[in-house]
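Structure first, commentary second.
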Amino acid sequence: MENVFLALVKNAALLLAMAFIYDVTTSRCRFKHRLAVQVFVGITLGLLGIVLMSSPWQYVPGIVFDTRSVLLGVSGLFFGMLPTSLAMIITAVFRFAQGGTATQAGVCVILTSGLLG
């Protein structure tokens, strides 16, 4: 039971890190180079997605849960198209590099979540 709690806390902490990034980039600072900020946020979100995918909660062997779909959906709503697209590309490449039987399903979840956001 401790592993389940620890995995959920890790995922929640990473999503809170995304909320912190949103707060810093949108409400506290006004940047002159908006495109550079969007690229930075997209790469940061992609790296957060990789960390989320690297620490999933395993329900039973073969069925794992992570919050990458939440990350990408929320980033689409709050950060815009460019950061979400970069995050989708980074996480899809990582999921494809991981391989496995559900690679196509994982990449489809990434694309669908980002597009819906």
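Numbering starts fresh at 1 for the residues of each chain in the structure tokens, the chains themselves are lettered A, B, ... in the order given, and ligands are numbered from 1 as they appear.
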DSSP strand (DSSP E or B) residues within range 6-111 of chain A, listed as an NGL selection string: :A and (57-60 or 63-65)
Which of chain A fall in alpha helix (DSSP H), as a ChimeraX atom specification: /A:2-22,34-54,68-78,81-98,103-116
Against range 9-25 of chain A, which residues of range 46-90 of chain A fall within 7 Å? For each one I want the closest pair of atoms and the distance in Å (one decimal), counting only C-alpha atoms, rows by chain and increasing residue number, as a tab-separated table.
```
residue	atom	partner	partner_atom	distance
A:Leu48	CA	A:Leu14	CA	6.8
A:Leu52	CA	A:Asn11	CA	6.2
A:Thr67	CA	A:Asn11	CA	6.5
A:Leu71	CA	A:Leu15	CA	6.8
```
Which of A:Ile63, A:Val51, A:Val74, A:Val37 sits closest to Ala102 in chain A [using only C-alpha atoms]: A:Ile63
Polymer residues at most 9 Å from range 84-101 of chain A, only C-alpha atoms, same-chain spacing of 5 or more positions, as a PyMOL selection string: chain A and resi 39+41-50+53+68+72-73+75-77+79+106-108+110-111+113-115+117
